[in-house]
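A.B. asks: Okay, here's the structure, questions in a sec.
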2 protein chains.
Amino acid sequence: MSQDPLVIFTPSGKRGRVAAGTPVLQAARSLGVDLDSVCGGRGICSKCQVSPGYGSFPKHGLTVAEDALTEINAVEERYDRIRGLKPGRRLGCQARIMGDCVIDVPAESQVHKQVVRKRAEVRDITLSPTVTLTYVEVAEPDMHHPSGDVERLLAALAAQRADSDKAGLALDFHLLPRLQKILRDGKWTVTAAIHDDGVTPPRVIGLWPGFFEGPVHGLAVDLGSTTIAGHLVRIDTGEVLASSGLMNPQIRFGEDLMSRVSYGMMNPEGAAEMTRVVREGIGTLVDELVTEASIDRSSLLDTTFVMNPVMHHLFLGLDPYELGQAPFALATGTAQRLLATDIGLSVAPGTRAYVLPLIAGHVGADAAAVALSEAPNLSDDLVLVVDVGTNAEILLGDKSGVLACSSPTGPAFEGAQISSGQRAAPGAIERVEIDPVTKEPRFRVIGCELWSDDPEFAEATAGSGITGICGSGIIEVVAEMRMAGIVDAGGLIGGPEATGTARCISEGRTYSYLLWEDEDRKITVTNGDIRAIQMAKAALYAGARLLMDKRGVDHVDRVVLAGAFGAHISPKHAMVLGMIPDCPLDRVTSAGNAAGTGARIALLNREARGEVEALVRRIEKIETAVEPRFQEHFVAATAMPNAADPFPILRSVVTLPDVTFNAGPSEDGTRRRRRRG
Amino acid sequence: MSQDPLVIFTPSGKRGRVAAGTPVLQAARSLGVDLDSVCGGRGICSKCQVSPGYGSFPKHGLTVAEDALTEINAVEERYDRIRGLKPGRRLGCQARIMGDCVIDVPAESQVHKQVVRKRAEVRDITLSPTVTLTYVEVAEPDMHHPSGDVERLLAALAAQRADSDKAGLALDFHLLPRLQKILRDGKWTVTAAIHDDGVTPPRVIGLWPGFFEGPVHGLAVDLGSTTIAGHLVRIDTGEVLASSGLMNPQIRFGEDLMSRVSYGMMNPEGAAEMTRVVREGIGTLVDELVTEASIDRSSLLDTTFVMNPVMHHLFLGLDPYELGQAPFALATGTAQRLLATDIGLSVAPGTRAYVLPLIAGHVGADAAAVALSEAPNLSDDLVLVVDVGTNAEILLGDKSGVLACSSPTGPAFEGAQISSGQRAAPGAIERVEIDPVTKEPRFRVIGCELWSDDPEFAEATAGSGITGICGSGIIEVVAEMRMAGIVDAGGLIGGPEATGTARCISEGRTYSYLLWEDEDRKITVTNGDIRAIQMAKAALYAGARLLMDKRGVDHVDRVVLAGAFGAHISPKHAMVLGMIPDCPLDRVTSAGNAAGTGARIALLNREARGEVEALVRRIEKIETAVEPRFQEHFVAATAMPNAADPFPILRSVVTLPDVTFNAGPSEDGTRRRRRRG
C-alpha cells in the first residue's frame, strides 16, 4: 500500500500527508495553513487561489509530477473564462491532491497577510480583521422540523466556522426584519458579515442575498482638538482608499481643551452641545470619505477612534469637567466596544466602534495609539516617543517597561502665540538657515521647493506670498539664531552692535530679528516669540526628563517624534533648542501621524486591541501636575543648551556660541541674567 | 484548645464550624446558605435579618447559650430605633457568632424564596430574579493611579459578587453620561441594579446615588390576538402589584390572525403598521400598570412576553406572511433577549425584554409558557393540556416526552360566529341547565349570582339586561340540549313534536331552541350555532386525538384546561360535546391563564428561561395542517358522543339520549344523516 500524498505549503512551510483526492483548501485547513475562503469551498469566491509548483524541489527533497493535482475542472474553467485566473493559479477548493506536491499560497490568498509599513524600525501590520464575509447555503424550512430562518442561518454559518469560533454566534436584532426577504431573494444562499473581535460575542452584522464579493470597509479616526482626520480602508487588504481631515467644529467653543472644559462648566448644556457638534463633524468626515472612495455606505462596518481624554469624554457624551481639576478623574478609561450608532454616527446599524483606551486623565487614547504604532514596549533599546501637539504626550521605555506622561506645551509649536506665527499652509516659512558670519537668513516656504536666495524665488512664491512662520519654521529660525550667536542661551536677542547685524532691530524693551520684509509688512522673530518657544520646549523637555528620572537614566538610545508637527521638524534644530534630550541625530526619527496609524492598526488587527489594552494597563503613569521635580526641570529647561550644558552629542555636531546679551535697548537698569540650564 | 463554634442554619439544615467572631452573614455565605444582602454587610439594607434560637435543640443535639451571638450593637440599635426590628430578629451582618448556635433564616431574608401558587398540582415558583440590587462603596479617584469611575465602580461590584459571577460585568452605555454625577451625589456610594440572566453577559442596568432600597419591578405580558394582558410584579418578592388588560388594537386590521396576515400581504406597509399599533398598545398597558401600582417607571427593569407566532412576528417587527402558508416558516423561533427599547417600549433605557421561544409555526410562545406553568414534562401521569382560543394549542405528555400541536378551532368558543354570541361581559349567559323532562331551561348571567328561575332574578339583572351567550354559556347550552334530547348526536335540533317542547321553533330549514325572550328580543340557539360549535370542538378533539395517536394511547390520565375560556367551562359539558377525550371528571382541571403564569415564572426565575428553551427544543411538534389523520379525526369528531361512542367514563356520569331527528321543517327531501363518531 502506497503512502498518502505529502503536501508542503509555502511560504509557511507547513506540511503533512492527506488522503488522495483531498481538495487543497481542505488540506490547508487541516494543516493550519492560512488560506482564505468566503464561500466555504463552493468555487464561488475565488479567495482560495493557490500556485502549485511542479518539477524538482531539492530543498523539500521532492519532485512534483504534472498530475500531482487533478486537472482543471469545469468550475475553474468557468471562473477563468468569466473572471480570469492568473497563469499557474488554481482554485484551492477545486484542485484535489493526488500526489506529493508543493503549493504556494500567494499573499492575496492569505487572511492574515501583512500590510507593509514604509519605515524600517516598525513592525508590519498583520491583517486580522474583526469583520469577515462568509457565504453559506441555508437549509430551507421544513414544517415537520420547525425552526426559524435565523436558527437555520446560524447553523449554516457555524458549520462553516472554525471549531473554536462556533459558540455564541447570533444575529444583530436590526437584521431580523430583513432576513426573510434576503434569504428568499438569494434562493437560500446568503453572504454574512460576521463581527468577531475575540472579546464581545460574535455577531452577524450585515447580510446580502446570494454571493456578495465585498469588500467591506473600516474607518480609523484620529479626533484631535484642532483637526479630525480619518482614513477609510478596505478591511480585507488594509488598503487606504481615502483620507480626509477637517477642522474640529468644537473650536468655536475654545481653541484649547481647557477652554472647552470651561465652556462646559459655564453653560448648562455646553458639554452636550460640544458632543453634538463633534459627532456632526465626524458625520461630515464619513460623508466625505464615503463619497471620495465611492463606496456603499452599508459596507462601512467597523470604526476605530483615538483622541485625548477631553475629546474622548465629549465624543462619548460625558461631561469632561472632572478633567479640568485634580485628581483629573476619568469617567471611564478602558477601551469601548460600541455600536457606532451609540455614538451618533450615521452609518449602517450593525457598524461597530472601537475606542482605544486612555492611559490617564491627561494621557489619551491618541498616546495609546502612538504606543501601539511605535511599540516602545517591544524595543530592545530605550526609546523616547514624543507626540507634540497642544499637549505633548511622552512615552519612555523598552521591553522592560514603559512610562508615560503628558506635558502642557501650549500651542506655540503649532504657530499660535507667535507674533508672525501661522498654521502650516502655503506661504508659511518652514525651513530657515542663518549664515553664522553674515547673520543673513535664507528660508523656504510651504508650497515652493526653492530657497529664498534663489533668483526665481520671488516669482515662484508670487501666488501664495510669504505669509508668516509655521511651527517647524519657528523651531528652525530660533535654533539658527542661537547657532548664529543672535540669541544667547538664556533667550535674549542681542542688539545690532552686539550681534553685528542691522537685522536685530529695537522693538520696545527688547530686540527682534528681521527675517523678511517687503513694502507692506515685516516678518520678525520677537523676544516674546523666543520666550513662548522657551516655555513650550521647557515643558516638553521637563516631561521627558521627569520620565528619565523615574527610569533612573540620563540619556536615551533613540527619539521618535510623532504627530504632524513631529514629521516636519528638524531633529538638529529641536536639539539645539533643547526640546529633546541629547541623542545621536541619526537616532532621531519621525513617525508621522503615529496616533492615526495606531487607530488603523486597531482597525485591521483585532489582536492589537487586546495588546494596546494590556499595554495601557502596564504603562506606569506619571502625573506631571503634582510632581515637584517637573517644576524644577521646567525652570531649569527654559534656557537653551550652551557649551557648559550636558549635550555632548549635540556639541559634537553644532557650535553653540557662548554669548550673553543685555536685555535690550530700553533696559530699565536691572540687568536680566540668563539662567544656566 | 476548644473547637470553633458550630452554626446550624434553618430551614436549610446547612451547618458548619466557623471562627469565633464571624458575622452570621459571612458564615451563611461560606456555608452556601441563601441569605440576602444588598449592602454587602454594611448594616444599611437590613435584608440579612435572621432569627437566632436559644435554649435546647434536641434535634440538633445542641444547647444554645444566651451569649452564642454578640450583643445587639449600635448599628442594630439604630436600625431598630428608626425602622423597627421584629422581636428576636438580628442583622446577620452585625451579629457575630461566639458559640454554638441555631439561626433561622426567615422567608423574607432569602433571595430564592418561594412564591406559593394556589393550585395543588403545580410547582411553587422559586424566586431567582435576573435583576438584583447591590449597594457598594466606590474607591475615589487617585491621580497617581489613574482609573475611570466606571472601572472603580465595576471593581467594587465585582468584589461584592460571588466568585462565579465576577467575570465580565460591564456598565450599560446609556448610564455612562450620568455616572460621574451619581457617584459624587452619593459621596462615592451607589446602588446598582445588575441584570444577570446567566446567558447574556451581566450588566449594570440602573444606578442610584447612595443606598436605594428598591424594589425594582418587572412586567409579564400575555399578548393575545384579542387581548393584551399584563402583570406588574415586584421582582424581589414576586408580589403582583397590578394587573390590567386591553383590547389588542390590531383588531381593526382583522379579528383573527389570518386576516391580519392577509392585511400585511395586501398593504405594503401593513405589517409595519400592525407592529406600530401593537407596540403602542403595550405602551398604553405599561402606562396603566405603572399608574395603578404607583411606581417609578425607572424601577421597571425587566419584562417578559408570550404570544402566538403571528403576534410574535408582528411584535418583533417581522412580516408574518410566511406563517400564512406552508411550510409556515418562522423568521425566528428561539427565545429573544433584547432591550425593551429595541421593541419600542417607552421604559428605562436599561430595561430588558425576554420573549419566550415559539414551539412551531402554529404553536407559539404562549403554548411554551403554558408548558412552563403546567410542566407536562414533569408529570408522572399522562396529561393533556389544552389552551383554547381562536386557535387551540394542545400539549400531551409526561416525564417521558411531550407532543404539541395547534388546531384551528375558530372563534366560536369565544362567542363569535354564534347567532346570540357575545364576549364574556355582564349580561352574558354563562351557565345553563335544561330539565330533561320539561325541556325548560334556567340560566345565570355574568354579574349575577342568581339563577333565572329565582323570583329576584329579573330585578337583579335589570342593570345589565340579558344580552347574549358567551363562550362557556354556548358550551353548556348545547351540551344540555344534547342531554335533554333536544339535539341529536349528529347535531340536528328536533322539531316541537319530536322533542315535545314548543321552545323548538322553526327557523328557515331548521329548528332553533328558544332560551329566553322578552318584548324586544329572543335569545335562541340555532342549528347554525350547533354546527359552529361542532366544527370548533371537532378541531379541538381531532388535535388531541392526533397527539394521542402519535403517542400510541387511547386515553389520558388527566386534562388541564388553560386560558380564560378554559377557566370558565364546565368539564362535564365539554365532555358531553366531545371537546376533550373521555377522562374522569375530577381529573379535569382548569389552569386559568397559564400562559400569563408562564410569562410571570420566566420573569421571576431566570433558570426557568433555560428550562422552557430546553423543553421547547425537546417537544415533538406535529403540524396538523398536513397530517391526513387530522382530517379523518376532524370529520369523525363533528358528531357529539352518543351511547355507542367510546366515552365509557362520560356515560357512567350522564345520559346521552339516542335520538335522531330529521333535518327540519323545510327539509328538501334529502334527509341529512348524522355521522357516527
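FYI, nothing fancy with the C-alpha cells labels: chains A, B, ... in order, residues from 1 per chain, ligands from 1 as they appear.
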Given a cut-off of 9 Å, which residues of chain A touch chain B, counting only C-alpha atoms, written out as a count of residues only?
C.D. replies: 43
A.B. asks: Taking 4 positions as the minimum chain separation for residues in the same chain, which residues sit within 7 Å of Lys439 (chain B) when counting only C-alpha atoms? Answer as a ChimeraX atom specification.
C.D. replies: /B:434-435,484,501
A.B. asks: What does the file look like for those residues with N, CA and C atoms, as a short mmCIF file (atom, residue, chain, number, x, y, z; two decimals), in the first residue's frame?
C.D. replies:
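Result file follows (again_1.cif):
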```
data_model
loop_
_atom_site.label_atom_id
_atom_site.label_comp_id
_atom_site.auth_asym_id
_atom_site.auth_seq_id
_atom_site.Cartn_x
_atom_site.Cartn_y
_atom_site.Cartn_z
N ILE B 434 -80.96 22.50 31.50
CA ILE B 434 -82.25 22.21 30.86
C ILE B 434 -82.85 20.96 31.50
N ASP B 435 -84.06 21.07 31.95
CA ASP B 435 -84.74 19.95 32.60
C ASP B 435 -84.98 18.86 31.55
N ALA B 484 -80.73 16.67 27.15
CA ALA B 484 -82.19 16.72 27.28
C ALA B 484 -82.87 16.12 26.05
N THR B 501 -91.40 19.97 23.01
CA THR B 501 -91.39 21.32 23.61
C THR B 501 -91.58 22.37 22.54
#
```
A.B. asks: Could you pull out all residues of region 82-270 of chain B with a DSSP call of strand (DSSP E) and give them as a ChimeraX atom specification?
C.D. replies: /B:90-91,96-97,101-104,114-115,125-126,131-137,170-171,189-195,203-209,217-223,227-234,240-247
A.B. asks: Find the residues near region 36-45 of chain B: any atom within 9 Å, counting only C-alpha atoms, skip ones fewer than 5 places away on the same chain, and give them as JSON, numbers by chain.
C.D. replies: {"B": [23, 25, 26, 75, 76, 79, 91, 92, 93, 94, 108, 109, 110, 111, 112, 132, 133, 134, 135, 136, 160, 161, 191, 211, 212, 213]}
A.B. asks: Take the selection from the previous step and output its residues with C-alpha atoms, as a JSON list (two decimals), in the first residue's frame.
C.D. replies:
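The resulting file, selection.json, is reproduced below:
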```
[["chain", "number", "residue", "atom", "x", "y", "z"],
["B", 23, "PRO", "CA", -20.62, 37.58, 61.33],
["B", 25, "LEU", "CA", -23.93, 36.79, 57.10],
["B", 26, "GLN", "CA", -20.38, 35.73, 56.35],
["B", 75, "VAL", "CA", -25.92, 49.64, 64.15],
["B", 76, "GLU", "CA", -28.74, 47.29, 65.09],
["B", 79, "TYR", "CA", -31.88, 50.41, 62.77],
["B", 91, "LEU", "CA", -28.99, 41.82, 61.44],
["B", 92, "GLY", "CA", -26.91, 38.97, 60.06],
["B", 93, "CYS", "CA", -24.07, 41.29, 59.10],
["B", 94, "GLN", "CA", -23.77, 42.72, 62.64],
["B", 108, "GLU", "CA", -38.26, 37.26, 53.51],
["B", 109, "SER", "CA", -34.50, 37.16, 54.09],
["B", 110, "GLN", "CA", -33.98, 34.51, 51.42],
["B", 111, "VAL", "CA", -33.16, 35.58, 47.88],
["B", 112, "HIS", "CA", -34.54, 32.35, 46.48],
["B", 132, "THR", "CA", -30.83, 42.39, 41.73],
["B", 133, "LEU", "CA", -29.70, 45.44, 43.66],
["B", 134, "THR", "CA", -26.21, 45.85, 45.09],
["B", 135, "TYR", "CA", -25.01, 48.72, 47.26],
["B", 136, "VAL", "CA", -21.29, 49.46, 47.15],
["B", 160, "GLN", "CA", -19.11, 42.03, 46.39],
["B", 161, "ARG", "CA", -20.32, 39.39, 43.93],
["B", 191, "THR", "CA", -26.78, 51.22, 44.41],
["B", 211, "PHE", "CA", -28.45, 53.40, 49.21],
["B", 212, "PHE", "CA", -31.58, 52.71, 47.14],
["B", 213, "GLU", "CA", -33.90, 50.38, 48.95]]
```
A.B. asks: Find, counting only C-alpha atoms, the residue in B:Leu285, B:Val221, B:Met481, B:Val131 that gets nearest to Asp236 (chain B).
C.D. replies: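 The shortest atom-to-atom distance to Asp236 (chain B) comes from B:Val131.
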A.B. asks: State, in Å with one decimal place, the distance from CA of Gly88 (chain A) to CA of Lys59 (chain A).
C.D. replies: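 About the pair CA of Gly88 (chain A) and CA of Lys59 (chain A): they are 21.0 Å apart.
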A.B. asks: In Å, how far is it from CA of Gly508 (chain A) to CA of Gly528 (chain A)?
C.D. replies: 11.0 Å
A.B. asks: Give me the residues near Thr304 (chain A) as a list in words, where near means some atom within 9 Å (using only C-alpha atoms) and where sequence neighbours in that chain fewer than 3 positions away do not count.
C.D. replies: Gly218, Leu219, Ala220, Val221, Asp222, Arg352, Ala353, Tyr354, Val355, Leu356, Ala599, Arg600, Ala602 and Leu603 of chain A
A.B. asks: Give me, as number ranges by chain, all polymer residues having an atom no more than 12 Å from Val18 (chain B), counting only C-alpha atoms and skipping those fewer than 2 positions away in the same chain.
C.D. replies: B: 3-8, 15-16, 20-31, 96-101
A.B. asks: Would you please work out which residue, of A:Gly473, A:Thr237, A:Glu480, A:Leu246, is nearest to Ile446 (chain A) when using only C-alpha atoms?
C.D. replies: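 The answer is A:Gly473, which sits nearest to Ile446 (chain A).
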A.B. asks: Within 12 Å of Glu497 (chain A), counting only C-alpha atoms, which residues show up once you throw out same-chain ones fewer than 6 positions away? Write them as a list in words, please.
C.D. replies: Ile486, Arg503, Cys504, Ile505, Ser506, Tyr511, Phe661, Asn662, Gly664 and Pro665 of chain A
